[in-house]
Amino acid sequence: MRLDLLLANPYRAFFPAAWAMGIWGGLVWVLFYLGGASYPVLAHPQSMVGGFLFGHVMGFLLTAGPRFTGTGPLKPLELVSTFSLYIGLCVVSVLNDAGGEAGLSAATLFGVMFAACGASLVLILGGRFLKRTKNPPREFIFLPMGLLAVVVGALLRAFGVLPLLANLLLFEAFILSLVLGIGGRLAPFLLGFGTDPTHASSQRGDRRGDQRADQKTRDKLLWPYLLLFWITYALEVFLSESGESVGLAKLLRATVVLYLLLREWRILSRPKSRTK
C-alpha cells in the first residue's frame, strides 16, 4: 500500500489491527473453555477496549481530525509513532491472558501504554487544532475531555489509584464522550438535518472574524451540557465513597444524554433524507 494513501487514511492501518484484536478478545474464552488459557479476567476487557475499540477510535480520529481542521494528511512520523504505540498496546493486551503476578504487572503496563496512546492523540490533534485553517464542528467540544479521560483513567488504573473513577473514565466516559461529540455531527447529517460533516465551520477569509464569533456563540450552547455530563461522574464517585446510592448520578447523566439525543441528534424527527 502506498505511503501517501496511508498518511491520508490512517484507518486503513488501524482498522484491520482492531478487527484482529476483536477476534482475539472473543477467542480467549474459547481457549479458556478448552483449557488452553487461564480465566481471561484481564485479557478479554483489555483486548476489547484497548485493542478493538480504541483501535477504531485512533484510526477514525487520525483520519477525520486533519480533515476537520484543514491541516492536511498525517506526517510519516505521526503515523509511525501512533501505530507503534497502538501495536504495543495490543501486545500487552494479549499478554494479559496470564494470571497471577504476571497478569498484575501486565495490567500496569497496559494502563501506561493506553495512556501513551491517548496522549499521542492529544498532542497530534491538539497541534492540528492550533494550526487549523477551519474550525471543527461545534459538537466536537466533547472530544478533548473524552481523550483526557483515556489518559487520566488509564494512569489511575495502572497504579491502582481511585479504582472506581479509573474504571468510569476508561470504560465508559471516554467512549460516551466520543459518541456524543462525533455522533452529534454525523447523526443529523445522516438524517438530512445537517451539512456535510467535513464542511468548514469557519473558513479563513474576509469574514473570518464574524464567522468565528458566531461559532463561539453556538459553541456556548453546548458547554452547560458538557459540564453537567462530567459533574455526574464526580457525583457518582462521591456518592459511592459515601456509601449512598449512585442512582441519582446515573439518572442525571442519562437525562443529559437523552436531551442531547433529542435536541441535537433529533432522533425522533422524521428524516429529511429517506434514502437507504
# chains A, B, ... in the order shown; residues from 1 in each chain; ligands from 1
call {"tool": "residues_around", "arguments": {"residues": "stretch 227-240 of chain A", "least_positions_apart": "6", "cutoff": "8 Å", "atoms": "only C-alpha atoms", "output": "JSON, numbers by chain"}}
result
{"A": [164, 165, 168, 246, 249, 250, 252, 253, 256, 257]}
call {"tool": "select_by_dssp", "arguments": {"residues": "stretch 30-237 of chain A", "states": "helix (DSSP H, G or I)", "output": "number ranges by chain"}}
result
A: 30-33, 43-69, 76-95, 100-130, 138-158, 163-190, 208-220, 223-237
call {"tool": "atom_distance", "arguments": {"atom1": "atom CA of A:Ala154", "atom2": "atom CA of A:Gly36"}}
result
28.8 Å
call {"tool": "residues_around", "arguments": {"residues": "A:Phe159", "least_positions_apart": "2", "cutoff": "9 Å", "atoms": "only C-alpha atoms", "output": "PDB file with all heavy atoms, in the first residue's frame"}}
result
ATOM      1  N   THR A 108      -0.533  -3.196  34.705  1.00  0.00           N
ATOM      2  CA  THR A 108       0.093  -1.890  34.909  1.00  0.00           C
ATOM      3  C   THR A 108       0.672  -1.364  33.608  1.00  0.00           C
ATOM      4  O   THR A 108       0.496  -0.192  33.249  1.00  0.00           O
ATOM      5  CB  THR A 108       1.205  -1.992  35.966  1.00  0.00           C
ATOM      6  OG1 THR A 108       0.642  -2.440  37.200  1.00  0.00           O
ATOM      7  CG2 THR A 108       1.872  -0.644  36.176  1.00  0.00           C
ATOM      8  N   GLY A 111      -2.035  -0.096  31.296  1.00  0.00           N
ATOM      9  CA  GLY A 111      -2.507   1.238  31.614  1.00  0.00           C
ATOM     10  C   GLY A 111      -1.565   2.318  31.113  1.00  0.00           C
ATOM     11  O   GLY A 111      -1.989   3.344  30.583  1.00  0.00           O
ATOM     12  N   VAL A 112      -0.266   2.084  31.260  1.00  0.00           N
ATOM     13  CA  VAL A 112       0.718   3.058  30.809  1.00  0.00           C
ATOM     14  C   VAL A 112       0.685   3.187  29.286  1.00  0.00           C
ATOM     15  O   VAL A 112       0.722   4.304  28.736  1.00  0.00           O
ATOM     16  CB  VAL A 112       2.131   2.662  31.276  1.00  0.00           C
ATOM     17  CG1 VAL A 112       3.191   3.570  30.660  1.00  0.00           C
ATOM     18  CG2 VAL A 112       2.209   2.713  32.800  1.00  0.00           C
ATOM     19  N   ALA A 154      -6.515   5.661  32.423  1.00  0.00           N
ATOM     20  CA  ALA A 154      -5.521   4.601  32.224  1.00  0.00           C
ATOM     21  C   ALA A 154      -4.409   4.684  33.257  1.00  0.00           C
ATOM     22  O   ALA A 154      -3.957   3.655  33.788  1.00  0.00           O
ATOM     23  CB  ALA A 154      -4.950   4.687  30.809  1.00  0.00           C
ATOM     24  N   LEU A 155      -3.956   5.894  33.554  1.00  0.00           N
ATOM     25  CA  LEU A 155      -2.884   6.050  34.539  1.00  0.00           C
ATOM     26  C   LEU A 155      -3.371   5.689  35.942  1.00  0.00           C
ATOM     27  O   LEU A 155      -2.650   5.038  36.714  1.00  0.00           O
ATOM     28  CB  LEU A 155      -2.349   7.484  34.517  1.00  0.00           C
ATOM     29  CG  LEU A 155      -1.516   7.861  33.291  1.00  0.00           C
ATOM     30  CD1 LEU A 155      -1.113   9.327  33.348  1.00  0.00           C
ATOM     31  CD2 LEU A 155      -0.285   6.968  33.169  1.00  0.00           C
ATOM     32  N   LEU A 156      -4.572   6.110  36.297  1.00  0.00           N
ATOM     33  CA  LEU A 156      -5.126   5.765  37.608  1.00  0.00           C
ATOM     34  C   LEU A 156      -5.249   4.255  37.753  1.00  0.00           C
ATOM     35  O   LEU A 156      -4.919   3.685  38.801  1.00  0.00           O
ATOM     36  CB  LEU A 156      -6.494   6.421  37.798  1.00  0.00           C
ATOM     37  CG  LEU A 156      -6.516   7.944  37.973  1.00  0.00           C
ATOM     38  CD1 LEU A 156      -7.953   8.433  38.084  1.00  0.00           C
ATOM     39  CD2 LEU A 156      -5.726   8.371  39.202  1.00  0.00           C
ATOM     40  N   ARG A 157      -5.717   3.605  36.689  1.00  0.00           N
ATOM     41  CA  ARG A 157      -5.883   2.149  36.743  1.00  0.00           C
ATOM     42  C   ARG A 157      -4.539   1.431  36.769  1.00  0.00           C
ATOM     43  O   ARG A 157      -4.384   0.396  37.420  1.00  0.00           O
ATOM     44  CB  ARG A 157      -6.708   1.680  35.546  1.00  0.00           C
ATOM     45  CG  ARG A 157      -7.280   0.280  35.697  1.00  0.00           C
ATOM     46  CD  ARG A 157      -8.312   0.002  34.624  1.00  0.00           C
ATOM     47  NE  ARG A 157      -9.044  -1.224  34.903  1.00  0.00           N
ATOM     48  CZ  ARG A 157      -8.668  -2.422  34.507  1.00  0.00           C
ATOM     49  NH1 ARG A 157      -7.556  -2.561  33.810  1.00  0.00           N
ATOM     50  NH2 ARG A 157      -9.384  -3.491  34.797  1.00  0.00           N
ATOM     51  N   VAL A 161      -4.898   3.624  41.670  1.00  0.00           N
ATOM     52  CA  VAL A 161      -5.376   4.801  42.391  1.00  0.00           C
ATOM     53  C   VAL A 161      -6.828   5.089  41.996  1.00  0.00           C
ATOM     54  O   VAL A 161      -7.153   5.076  40.807  1.00  0.00           O
ATOM     55  CB  VAL A 161      -4.504   6.030  42.089  1.00  0.00           C
ATOM     56  CG1 VAL A 161      -5.010   7.255  42.847  1.00  0.00           C
ATOM     57  CG2 VAL A 161      -3.047   5.738  42.439  1.00  0.00           C
TER      58      VAL A 161
END
call {"tool": "residues_around", "arguments": {"residues": "A:Ile267", "least_positions_apart": "6", "cutoff": "10 Å", "atoms": "only C-alpha atoms", "output": "compact mmCIF listing (two decimals) with C-alpha atoms, in the first residue's frame"}}
result
# COMPACT_ATOMS: atom_id res chain seq x y z
CA ALA A 187 -26.32 11.70 13.07
CA PRO A 188 -28.11 14.90 11.95
CA LEU A 191 -30.93 12.09 8.84
CA LEU A 258 -31.23 11.78 26.29
CA LEU A 260 -28.75 15.75 23.54
CA LEU A 261 -30.14 12.85 21.52
call {"tool": "residues_around", "arguments": {"residues": "A:Pro136", "least_positions_apart": "2", "cutoff": "7 Å", "atoms": "only C-alpha atoms", "output": "PDB file with all heavy atoms, in the first residue's frame"}}
result
ATOM      1  N   PHE A  68     -11.067  17.719   9.399  1.00  0.00           N
ATOM      2  CA  PHE A  68     -11.947  18.687  10.044  1.00  0.00           C
ATOM      3  C   PHE A  68     -11.227  19.985  10.373  1.00  0.00           C
ATOM      4  O   PHE A  68     -11.859  21.026  10.525  1.00  0.00           O
ATOM      5  CB  PHE A  68     -12.538  18.090  11.322  1.00  0.00           C
ATOM      6  CG  PHE A  68     -13.705  17.177  11.076  1.00  0.00           C
ATOM      7  CD1 PHE A  68     -13.654  15.840  11.461  1.00  0.00           C
ATOM      8  CD2 PHE A  68     -14.852  17.639  10.475  1.00  0.00           C
ATOM      9  CE1 PHE A  68     -14.731  14.995  11.237  1.00  0.00           C
ATOM     10  CE2 PHE A  68     -15.940  16.804  10.244  1.00  0.00           C
ATOM     11  CZ  PHE A  68     -15.878  15.475  10.626  1.00  0.00           C
ATOM     12  N   THR A  69      -9.904  19.937  10.537  1.00  0.00           N
ATOM     13  CA  THR A  69      -9.144  21.146  10.839  1.00  0.00           C
ATOM     14  C   THR A  69      -8.456  21.721   9.609  1.00  0.00           C
ATOM     15  O   THR A  69      -7.836  22.788   9.694  1.00  0.00           O
ATOM     16  CB  THR A  69      -8.074  20.855  11.910  1.00  0.00           C
ATOM     17  OG1 THR A  69      -7.257  19.740  11.487  1.00  0.00           O
ATOM     18  CG2 THR A  69      -8.725  20.518  13.247  1.00  0.00           C
ATOM     19  N   LYS A 134      -9.675  25.805   9.360  1.00  0.00           N
ATOM     20  CA  LYS A 134     -11.121  25.876   9.529  1.00  0.00           C
ATOM     21  C   LYS A 134     -11.461  25.277  10.881  1.00  0.00           C
ATOM     22  O   LYS A 134     -10.707  24.451  11.417  1.00  0.00           O
ATOM     23  CB  LYS A 134     -11.858  25.147   8.416  1.00  0.00           C
ATOM     24  CG  LYS A 134     -11.537  23.662   8.307  1.00  0.00           C
ATOM     25  CD  LYS A 134     -12.270  23.027   7.139  1.00  0.00           C
ATOM     26  CE  LYS A 134     -11.974  21.533   7.031  1.00  0.00           C
ATOM     27  NZ  LYS A 134     -12.660  20.921   5.879  1.00  0.00           N
ATOM     28  N   ARG A 138     -18.966  22.233  16.126  1.00  0.00           N
ATOM     29  CA  ARG A 138     -19.190  22.646  17.498  1.00  0.00           C
ATOM     30  C   ARG A 138     -19.385  21.467  18.431  1.00  0.00           C
ATOM     31  O   ARG A 138     -19.028  21.519  19.607  1.00  0.00           O
ATOM     32  CB  ARG A 138     -20.428  23.548  17.584  1.00  0.00           C
ATOM     33  CG  ARG A 138     -21.691  22.901  17.032  1.00  0.00           C
ATOM     34  CD  ARG A 138     -22.825  23.893  16.871  1.00  0.00           C
ATOM     35  NE  ARG A 138     -23.456  24.235  18.127  1.00  0.00           N
ATOM     36  CZ  ARG A 138     -24.505  23.588  18.625  1.00  0.00           C
ATOM     37  NH1 ARG A 138     -25.009  22.545  17.983  1.00  0.00           N
ATOM     38  NH2 ARG A 138     -25.037  23.968  19.757  1.00  0.00           N
ATOM     39  N   PHE A 140     -17.788  18.861  18.588  1.00  0.00           N
ATOM     40  CA  PHE A 140     -16.526  18.228  18.934  1.00  0.00           C
ATOM     41  C   PHE A 140     -15.952  18.723  20.257  1.00  0.00           C
ATOM     42  O   PHE A 140     -14.866  18.290  20.654  1.00  0.00           O
ATOM     43  CB  PHE A 140     -15.508  18.450  17.812  1.00  0.00           C
ATOM     44  CG  PHE A 140     -15.634  17.464  16.677  1.00  0.00           C
ATOM     45  CD1 PHE A 140     -16.850  16.863  16.388  1.00  0.00           C
ATOM     46  CD2 PHE A 140     -14.544  17.143  15.884  1.00  0.00           C
ATOM     47  CE1 PHE A 140     -16.984  15.962  15.342  1.00  0.00           C
ATOM     48  CE2 PHE A 140     -14.661  16.235  14.837  1.00  0.00           C
ATOM     49  CZ  PHE A 140     -15.882  15.645  14.570  1.00  0.00           C
ATOM     50  N   SER A 201     -16.630  24.811   9.167  1.00  0.00           N
ATOM     51  CA  SER A 201     -17.474  25.608  10.034  1.00  0.00           C
ATOM     52  C   SER A 201     -17.095  27.072   9.934  1.00  0.00           C
ATOM     53  O   SER A 201     -17.908  27.962  10.120  1.00  0.00           O
ATOM     54  CB  SER A 201     -17.321  25.151  11.496  1.00  0.00           C
ATOM     55  OG  SER A 201     -17.669  23.803  11.619  1.00  0.00           O
TER      56      SER A 201
END
call {"tool": "residues_around", "arguments": {"residues": "A:Trp24", "least_positions_apart": "4", "cutoff": "12 Å", "atoms": "only C-alpha atoms", "output": "PyMOL selection string"}}
result
chain A and resi 17-20+28-31+40+43-49+51-52+90-91+93-97
